[in-house]
Structures are given as C-alpha cells and as structure tokens.
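Undergrad: File input_24.txt follows (compact mmCIF, C-alpha atoms and all ligand atoms):
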```
# COMPACT_ATOMS: atom_id res chain seq x y z
CA MET A 1 24.86 103.30 -24.16
CA ILE A 2 22.85 100.64 -25.99
CA ALA A 3 19.62 101.84 -24.41
CA ARG A 4 20.40 105.41 -25.46
CA ARG A 5 20.77 104.51 -29.14
CA ARG A 6 17.91 105.40 -31.41
CA MET A 7 17.66 106.46 -35.02
CA VAL A 8 17.89 110.24 -34.98
CA ARG A 9 16.47 112.04 -37.99
CA ASN A 10 17.65 115.60 -37.39
CA TYR A 11 20.99 117.24 -36.63
CA THR A 12 22.33 120.65 -35.65
CA GLY A 13 24.65 122.47 -38.05
CA GLU A 14 27.66 121.64 -35.86
CA PRO A 15 30.28 119.59 -37.74
CA VAL A 16 31.51 116.24 -36.48
CA GLU A 17 35.09 116.30 -35.26
CA PRO A 18 37.20 114.38 -37.84
CA ALA A 19 38.93 112.30 -35.15
CA ALA A 20 35.54 111.24 -33.75
CA LEU A 21 34.38 110.28 -37.22
CA ASP A 22 37.55 108.22 -37.71
CA ARG A 23 36.90 106.36 -34.44
CA ILE A 24 33.29 105.70 -35.43
CA VAL A 25 34.25 104.21 -38.80
CA ASP A 26 37.04 102.23 -37.19
CA ALA A 27 34.42 100.66 -34.93
CA GLY A 28 32.78 99.39 -38.13
CA ARG A 29 36.09 97.95 -39.30
CA ARG A 30 36.36 96.06 -36.02
CA ALA A 31 33.07 94.25 -36.49
CA PRO A 32 33.11 90.45 -36.49
CA SER A 33 33.08 88.65 -39.82
CA ALA A 34 32.56 85.02 -40.79
CA GLY A 35 35.92 83.32 -41.28
CA PHE A 36 37.40 86.77 -40.68
CA SER A 37 36.52 87.43 -44.31
CA GLN A 38 36.33 91.16 -43.56
CA GLY A 39 34.13 91.88 -46.53
CA GLN A 40 32.93 95.14 -45.02
CA ALA A 41 34.02 98.51 -46.44
CA PHE A 42 32.91 102.06 -45.77
CA VAL A 43 32.71 105.31 -47.69
CA VAL A 44 32.88 108.38 -45.46
CA VAL A 45 31.19 111.39 -47.04
CA THR A 46 31.38 114.88 -45.59
CA SER A 47 31.26 117.27 -48.55
CA ARG A 48 28.04 119.22 -48.79
CA ASN A 49 27.63 118.50 -52.50
CA ASP A 50 27.89 114.77 -52.03
CA ARG A 51 25.60 114.74 -49.00
CA GLU A 52 23.03 116.68 -50.97
CA ALA A 53 23.42 114.29 -53.89
CA ILE A 54 22.88 111.31 -51.54
CA ALA A 55 19.85 113.03 -50.03
CA ALA A 56 18.42 113.48 -53.54
CA LEU A 57 19.03 109.81 -54.41
CA ALA A 58 17.32 108.87 -51.12
CA ASP A 59 14.34 111.04 -52.04
CA GLU A 60 14.73 113.20 -48.96
CA ALA A 61 11.87 115.33 -50.28
CA SER A 62 9.45 112.51 -49.47
CA TYR A 63 10.64 112.49 -45.84
CA VAL A 64 10.13 116.24 -45.65
CA GLU A 65 6.66 115.88 -47.15
CA ALA A 66 5.91 113.34 -44.43
CA GLY A 67 6.88 115.87 -41.74
CA PHE A 68 10.50 114.87 -41.09
CA ASP A 69 13.39 117.30 -41.18
CA PRO A 70 15.83 117.21 -44.12
CA TRP A 71 17.93 114.91 -41.96
CA ILE A 72 19.97 113.30 -44.71
CA SER A 73 21.43 116.44 -46.29
CA ARG A 74 21.62 118.15 -42.88
CA ALA A 75 23.75 115.41 -41.29
CA PRO A 76 27.36 116.66 -41.46
CA ALA A 77 28.68 113.17 -42.12
CA HIS A 78 27.49 110.07 -43.93
CA VAL A 79 29.02 106.63 -43.73
CA VAL A 80 27.96 104.29 -46.52
CA VAL A 81 28.27 100.68 -45.37
CA CYS A 82 29.28 98.29 -48.14
CA ILE A 83 29.75 94.54 -48.28
CA SER A 84 31.52 92.24 -50.68
CA GLU A 85 29.77 88.91 -51.18
CA ALA A 86 32.73 87.84 -53.32
CA ALA A 87 35.10 88.22 -50.34
CA TYR A 88 33.11 85.50 -48.52
CA ARG A 89 32.91 83.25 -51.52
CA ARG A 90 36.72 83.53 -51.93
CA ARG A 91 37.45 83.04 -48.23
CA TYR A 92 35.26 79.96 -47.95
CA ARG A 93 37.17 78.25 -50.77
CA GLU A 94 40.45 78.54 -48.83
CA PRO A 95 41.92 75.26 -47.51
CA ASP A 96 40.95 75.72 -43.86
CA LYS A 97 37.34 76.29 -44.87
CA SER A 98 37.00 73.94 -47.83
CA PRO A 99 39.54 71.08 -48.09
CA ASP A 100 38.60 70.39 -51.73
CA GLY A 101 38.55 74.08 -52.71
CA ARG A 102 34.89 73.90 -53.64
CA GLU A 103 32.49 76.54 -52.51
CA VAL A 104 30.73 75.67 -49.24
CA GLU A 105 26.98 75.30 -48.98
CA TRP A 106 25.94 78.59 -47.41
CA PRO A 107 23.57 78.00 -44.49
CA VAL A 108 22.73 81.70 -44.68
CA PRO A 109 24.44 84.55 -46.57
CA TYR A 110 27.01 85.51 -43.91
CA TRP A 111 27.85 88.75 -45.75
CA TRP A 112 24.52 90.33 -44.83
CA ILE A 113 24.99 89.35 -41.17
CA ASP A 114 28.44 90.92 -41.10
CA ALA A 115 27.21 94.09 -42.79
CA GLY A 116 24.61 94.38 -40.02
CA ALA A 117 27.25 93.85 -37.33
CA ALA A 118 29.37 96.65 -38.82
CA LEU A 119 26.33 98.89 -39.07
CA GLN A 120 25.45 98.36 -35.42
CA ASN A 121 29.05 99.02 -34.33
CA ILE A 122 28.90 102.36 -36.15
CA LEU A 123 25.52 103.29 -34.67
CA LEU A 124 26.75 102.53 -31.14
CA ALA A 125 30.13 104.20 -31.64
CA ALA A 126 28.33 107.39 -32.66
CA VAL A 127 26.41 107.34 -29.36
CA ASP A 128 29.67 106.65 -27.53
CA GLU A 129 31.08 109.85 -29.05
CA GLY A 130 28.12 111.87 -27.75
CA LEU A 131 26.69 112.04 -31.27
CA ALA A 132 23.61 110.60 -32.92
CA ALA A 133 23.07 108.48 -36.00
CA GLY A 134 20.31 107.44 -38.34
CA PHE A 135 20.13 104.78 -41.01
CA LEU A 136 18.47 104.43 -44.32
CA GLY A 137 18.58 101.26 -46.35
CA CYS A 138 19.60 101.89 -49.92
CA HIS A 139 17.87 99.09 -51.85
CA ALA A 140 15.76 101.72 -53.62
CA MET A 141 18.62 104.20 -54.07
CA SER A 142 19.94 103.64 -57.58
CA GLY A 143 22.96 105.72 -58.53
CA LEU A 144 24.70 105.61 -55.13
CA ALA A 145 27.48 103.24 -56.19
CA GLU A 146 28.10 105.31 -59.32
CA LEU A 147 28.17 108.58 -57.36
CA LEU A 148 30.74 107.29 -54.89
CA GLY A 149 32.75 105.13 -57.29
CA ILE A 150 32.00 101.96 -55.34
CA PRO A 151 33.41 99.00 -57.28
CA GLU A 152 31.02 96.37 -58.60
CA GLU A 153 32.27 93.80 -56.08
CA TYR A 154 30.81 95.82 -53.22
CA SER A 155 27.11 96.34 -52.52
CA PRO A 156 26.19 99.42 -50.52
CA ILE A 157 23.67 98.32 -47.88
CA GLY A 158 22.74 101.76 -46.62
CA VAL A 159 23.75 105.18 -45.40
CA VAL A 160 24.45 106.04 -41.76
CA THR A 161 23.84 109.72 -41.08
CA ILE A 162 25.90 111.11 -38.20
CA GLY A 163 25.80 114.43 -36.39
CA HIS A 164 24.92 116.29 -33.23
CA PRO A 165 21.32 115.47 -32.37
CA ALA A 166 18.55 118.03 -32.81
CA PRO A 167 14.90 117.54 -31.87
CA ASP A 168 13.29 115.29 -34.47
CA ARG A 169 10.07 113.64 -35.48
CA ARG A 170 9.94 110.02 -34.35
CA SER A 171 9.24 107.29 -36.87
CA GLY A 172 5.64 106.11 -37.06
CA SER A 173 7.03 102.56 -36.88
CA LEU A 174 7.72 103.15 -33.19
CA ASP A 175 3.96 103.22 -32.51
CA ARG A 176 4.18 99.45 -32.78
CA GLY A 177 5.98 99.50 -29.44
CA ARG A 178 8.85 97.24 -28.41
CA ARG A 179 7.88 93.58 -28.07
CA PRO A 180 7.67 92.47 -24.43
CA VAL A 181 10.62 90.63 -22.90
CA ARG A 182 8.61 87.44 -22.40
CA ASP A 183 7.85 87.21 -26.13
CA VAL A 184 11.43 87.78 -27.20
CA ILE A 185 13.74 86.27 -24.59
CA HIS A 186 13.36 82.60 -23.69
CA ARG A 187 15.11 80.90 -20.82
CA ASP A 188 16.20 77.27 -21.13
CA ARG A 189 13.25 76.44 -23.39
CA TRP A 190 11.23 78.47 -25.86
CA SER A 191 8.06 79.61 -24.12
CA PRO A 192 4.96 80.49 -26.16
CA ALA A 193 4.33 84.18 -26.92
CA GLY A 194 2.30 85.79 -24.18
CA GLY A 195 3.02 82.84 -21.86
CA SER A 196 4.15 83.21 -18.30
CA GLY A 197 7.76 82.10 -18.94
C1 LIG B 201 17.88 97.44 -42.20
C2 LIG B 201 17.25 98.74 -41.74
C3 LIG B 201 16.77 99.61 -42.68
C4 LIG B 201 16.18 100.83 -42.27
N1 LIG B 201 15.80 101.72 -43.23
C5 LIG B 201 15.35 102.92 -42.85
C6 LIG B 201 15.04 103.89 -43.84
O1 LIG B 201 15.21 103.67 -45.04
N2 LIG B 201 14.58 105.10 -43.41
C7 LIG B 201 14.43 105.38 -42.09
O2 LIG B 201 14.02 106.49 -41.77
N3 LIG B 201 14.71 104.48 -41.12
C8 LIG B 201 15.17 103.26 -41.48
N4 LIG B 201 15.50 102.33 -40.51
C9 LIG B 201 15.34 102.67 -39.08
C10 LIG B 201 14.16 101.95 -38.42
O3 LIG B 201 12.94 102.55 -38.80
C11 LIG B 201 14.35 102.03 -36.89
O4 LIG B 201 15.54 101.34 -36.55
C12 LIG B 201 13.17 101.42 -36.12
O5 LIG B 201 12.01 102.16 -36.34
C13 LIG B 201 13.45 101.37 -34.62
O6 LIG B 201 13.77 102.64 -34.14
P1 LIG B 201 15.13 102.91 -33.31
O7 LIG B 201 16.27 102.38 -34.16
O8 LIG B 201 15.16 104.40 -33.13
O9 LIG B 201 15.03 102.15 -32.02
C14 LIG B 201 16.07 101.14 -40.89
C15 LIG B 201 16.56 100.23 -39.96
C16 LIG B 201 17.16 99.06 -40.37
C17 LIG B 201 17.75 98.13 -39.31
```
Go ahead and express the file in the form of structure tokens.
Ligand SMILES: Cc1cc2nc3c(=O)[nH]c(=O)nc-3n(C[C@H](O)[C@H](O)[C@H](O)COP(=O)(O)O)c2cc1C
TA:
Amino acid sequence: MIARRRMVRNYTGEPVEPAALDRIVDAGRRAPSAGFSQGQAFVVVTSRNDREAIAALADEASYVEAGFDPWISRAPAHVVVCISEAAYRRRYREPDKSPDGREVEWPVPYWWIDAGAALQNILLAAVDEGLAAGFLGCHAMSGLAELLGIPEEYSPIGVVTIGHPAPDRRSGSLDRGRRPVRDVIHRDRWSPAGGSG
C-alpha cells in the first residue's frame, strides 16, 4: 500500500463515498502526537462552491497553464489539515511534562511533525480505500482560514485532494528520481553517500 501511494493530480467525476471519507479523516485523527497533545484538526470540504473557491485560492489556473489537469476543483473531496501550536504549548506546561509549569525548551516544533504524521495517515488511508490523493501546501494560500472559518489558534498546513484516480501529468520534481537506498538507509553506522555500505 505504501509503495502504491503517489500524489495524484487528476480525478474522475465519481464522488467519494461519505463513509470512506469518514474513515480517511479518522485515520488522520489517529495519528501520533507529542505528549498526546492532539493538536491536529481537519476540515472536510465537499461542496462544489467551496472546492472551486479553494482551487482559486491555490491558483489552480497556474497548474493548468503548466499542463496539469484542474485537479484541485475536480477532486470531489478536500481535507484541510490544520495544527494548533498552542495545544502543544499548553500540553507541555502540564505537570507531567513541566514540573514547574514553565514552558519546555522545544528541541524542534513538534506540532509540524504531528501535522505531517496526520497528513501521511490520510494519504495512505485514501490508497487503502482504493482512492487517490494529492497534496498542496498552503503557505502561499491566503484567505483559506477565512473561507473555512478556521479559528486563529489553528494553522492550515495544506489541502489533501481525494478522489477516484484519473490519468494525470506527473510532477516534474519526480525527474530527480528517488535517492538510492545506500544513500538514505544506514545500517549500524552512517555510511558515506555513494559508499558501499
Ligand atoms: C509538504 C509538502 C508540500 C507539497 N506541496 C505541493 C504543492 O503545493 N503542489 C503539488 O502539486 N505538490 C505538492 N507536494 C507533492 C510533492 O511534489 C510530491 O510528494 C513529490 O514530488 C513526490 O511525489 P509522490 O508523492 O507522488 O511520490 C507537496 C508535498 C509535500 C510533502
């Protein structure tokens, strides 16, 4: 299932069964979270108007100009993945995490890690349902939180498009190829890139 996952940027007109969509989003809810902070939240969008509005905010026209299909508006379902940094800051001041109630020193911002874990659960759950999913980061998508009424505490990290796969144009990024196993996976000790280990 993991090997079958890829970002799909085109969908048929067939709707996604609501129960399947519920299971996919629930997979996001079941993602791990630091201290079980559970700062992840999701907005499920299926109405045509809202999907078209999201596609406009995402500048879908520029994808189409580049030769992609209108995959954002065409996807029958969107799941917007959101994360609350404040939930982590609150959780890590609780007694079992911080005996003096002071905020911990964050080694890394755990909220972004947990948002990624939820995202990946959703992408894989879509494949598990016989569907396909794509993702677009929303750092450049101003207006999304306002459109969907997302409270200030939550940051939308991106939109997962979900639907029945249709033939699509592959991303040019894939021309880079997947890095070879020996450069990525190290056994017992880190071995230099391109080495024999
Ligand atoms: C954080 C993140 C942001 C991404 N943003 C976009 C995006 O804005 N638009 C897009 O078409 N693909 C986006 N992608 C998809 C990547 O291009 C894709 O995952 C990569 O090329 C590898 O392809 P694959 O997922 O099909 O294996 C994003 C992926 C990640 C993880």
Undergrad: Per residue of chain A within 6 Å of ligand LIG 201 (chain B), note the shortest atom pair and the distance in Å to one decimal, counting only C-alpha atoms and all ligand atoms, and order the rows by chain and increasing residue number, as JSON lines.
TA:
```
{"residue": "A:Arg6", "atom": "CA", "partner": "B:LIG201", "partner_atom": "O8", "distance": 3.4}
{"residue": "A:Met7", "atom": "CA", "partner": "B:LIG201", "partner_atom": "O8", "distance": 3.8}
{"residue": "A:Phe135", "atom": "CA", "partner": "B:LIG201", "partner_atom": "C8", "distance": 5.2}
{"residue": "A:Leu136", "atom": "CA", "partner": "B:LIG201", "partner_atom": "O1", "distance": 3.4}
{"residue": "A:Gly137", "atom": "CA", "partner": "B:LIG201", "partner_atom": "N1", "distance": 4.2}
{"residue": "A:Ser171", "atom": "CA", "partner": "B:LIG201", "partner_atom": "O5", "distance": 5.9}
{"residue": "A:Ser173", "atom": "CA", "partner": "B:LIG201", "partner_atom": "O5", "distance": 5.0}
{"residue": "A:Leu174", "atom": "CA", "partner": "B:LIG201", "partner_atom": "O5", "distance": 5.4}
```
Undergrad: Any idea what the distance is between CA of Arg30 (chain A) and CA of Met1 (chain A)?
TA: 18.0 Å
Undergrad: What is the distance, in Å and to one decimal place, between CA of Pro95 (chain A) and CA of Gly39 (chain A)?
TA: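 Between CA of Pro95 (chain A) and CA of Gly39 (chain A) the gap is 18.4 Å.
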Undergrad: May I have the protein, DNA and RNA residues with any atom at most 10 Å from the point (23.6, 104.6, -36.0), counting only C-alpha atoms, written as a list in words?
TA: Arg5, Arg6, Met7, Val8, Ile24, Val79, Leu119, Gln120, Asn121, Ile122, Leu123, Leu124, Ala125, Ala126, Val127, Leu131, Ala132, Ala133, Gly134, Phe135, Leu136, Val159, Val160, Thr161 and Ile162 of chain A
Undergrad: Would you please work out which residue, of A:Leu144, A:Asp69, A:Ile2, A:Asp175, is nearest to Val45 (chain A) when using all atoms listed in the file?
TA: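 Ranked by minimum distance to Val45 (chain A), first place goes to A:Leu144.
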Undergrad: May I ask which of the residues A:Pro167, A:Pro15, A:Gly143, A:Pro192 is the closest one to Ala75 (chain A), counting all atoms listed in the file?
TA: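 Result for the nearest residue to Ala75 (chain A): A:Pro15.
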Undergrad: Which residue out of A:Val43, A:Ala20, A:Ala34, A:Ala55 has the minimum interatomic distance to Lys97 (chain A) when only C-alpha atoms are used?
TA: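 Looking only at the distances to Lys97 (chain A), the closest residue turns out to be A:Ala34.
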Undergrad: Complete the atoms of region 81-96 of chain A to N, CA and C atoms and put them out as a PDB file, keeping the file's coordinate frame.
TA:
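Result went into part.pdb, see below:
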```
ATOM      1  N   VAL A  81      27.785 102.018 -45.731  1.00  0.00           N
ATOM      2  CA  VAL A  81      28.270 100.680 -45.370  1.00  0.00           C
ATOM      3  C   VAL A  81      28.141  99.784 -46.602  1.00  0.00           C
ATOM      4  N   CYS A  82      29.255  99.144 -46.949  1.00  0.00           N
ATOM      5  CA  CYS A  82      29.280  98.290 -48.140  1.00  0.00           C
ATOM      6  C   CYS A  82      29.738  96.886 -47.748  1.00  0.00           C
ATOM      7  N   ILE A  83      29.335  95.915 -48.556  1.00  0.00           N
ATOM      8  CA  ILE A  83      29.750  94.540 -48.280  1.00  0.00           C
ATOM      9  C   ILE A  83      30.082  93.829 -49.586  1.00  0.00           C
ATOM     10  N   SER A  84      31.122  93.026 -49.519  1.00  0.00           N
ATOM     11  CA  SER A  84      31.520  92.240 -50.680  1.00  0.00           C
ATOM     12  C   SER A  84      31.129  90.780 -50.473  1.00  0.00           C
ATOM     13  N   GLU A  85      30.140  90.327 -51.201  1.00  0.00           N
ATOM     14  CA  GLU A  85      29.770  88.910 -51.180  1.00  0.00           C
ATOM     15  C   GLU A  85      30.939  88.063 -51.696  1.00  0.00           C
ATOM     16  N   ALA A  86      31.627  88.591 -52.691  1.00  0.00           N
ATOM     17  CA  ALA A  86      32.730  87.840 -53.320  1.00  0.00           C
ATOM     18  C   ALA A  86      33.837  87.541 -52.313  1.00  0.00           C
ATOM     19  N   ALA A  87      34.056  88.450 -51.344  1.00  0.00           N
ATOM     20  CA  ALA A  87      35.100  88.220 -50.340  1.00  0.00           C
ATOM     21  C   ALA A  87      34.798  86.952 -49.544  1.00  0.00           C
ATOM     22  N   TYR A  88      33.528  86.699 -49.278  1.00  0.00           N
ATOM     23  CA  TYR A  88      33.110  85.500 -48.520  1.00  0.00           C
ATOM     24  C   TYR A  88      33.230  84.259 -49.387  1.00  0.00           C
ATOM     25  N   ARG A  89      32.826  84.405 -50.613  1.00  0.00           N
ATOM     26  CA  ARG A  89      32.910  83.250 -51.520  1.00  0.00           C
ATOM     27  C   ARG A  89      34.378  82.846 -51.722  1.00  0.00           C
ATOM     28  N   ARG A  90      35.278  83.834 -51.806  1.00  0.00           N
ATOM     29  CA  ARG A  90      36.720  83.530 -51.930  1.00  0.00           C
ATOM     30  C   ARG A  90      37.249  82.884 -50.653  1.00  0.00           C
ATOM     31  N   ARG A  91      36.908  83.509 -49.516  1.00  0.00           N
ATOM     32  CA  ARG A  91      37.450  83.040 -48.230  1.00  0.00           C
ATOM     33  C   ARG A  91      37.034  81.604 -47.939  1.00  0.00           C
ATOM     34  N   TYR A  92      35.785  81.284 -48.289  1.00  0.00           N
ATOM     35  CA  TYR A  92      35.260  79.960 -47.950  1.00  0.00           C
ATOM     36  C   TYR A  92      35.626  78.901 -48.985  1.00  0.00           C
ATOM     37  N   ARG A  93      36.553  79.255 -49.895  1.00  0.00           N
ATOM     38  CA  ARG A  93      37.170  78.250 -50.770  1.00  0.00           C
ATOM     39  C   ARG A  93      38.612  77.999 -50.341  1.00  0.00           C
ATOM     40  N   GLU A  94      39.076  78.726 -49.297  1.00  0.00           N
ATOM     41  CA  GLU A  94      40.450  78.540 -48.830  1.00  0.00           C
ATOM     42  C   GLU A  94      40.549  77.205 -48.082  1.00  0.00           C
ATOM     43  N   PRO A  95      41.768  76.628 -48.017  1.00  0.00           N
ATOM     44  CA  PRO A  95      41.920  75.260 -47.510  1.00  0.00           C
ATOM     45  C   PRO A  95      41.337  75.016 -46.115  1.00  0.00           C
ATOM     46  N   ASP A  96      41.461  75.981 -45.219  1.00  0.00           N
ATOM     47  CA  ASP A  96      40.950  75.720 -43.860  1.00  0.00           C
ATOM     48  C   ASP A  96      39.430  75.739 -43.814  1.00  0.00           C
TER      49      ASP A  96
END
```
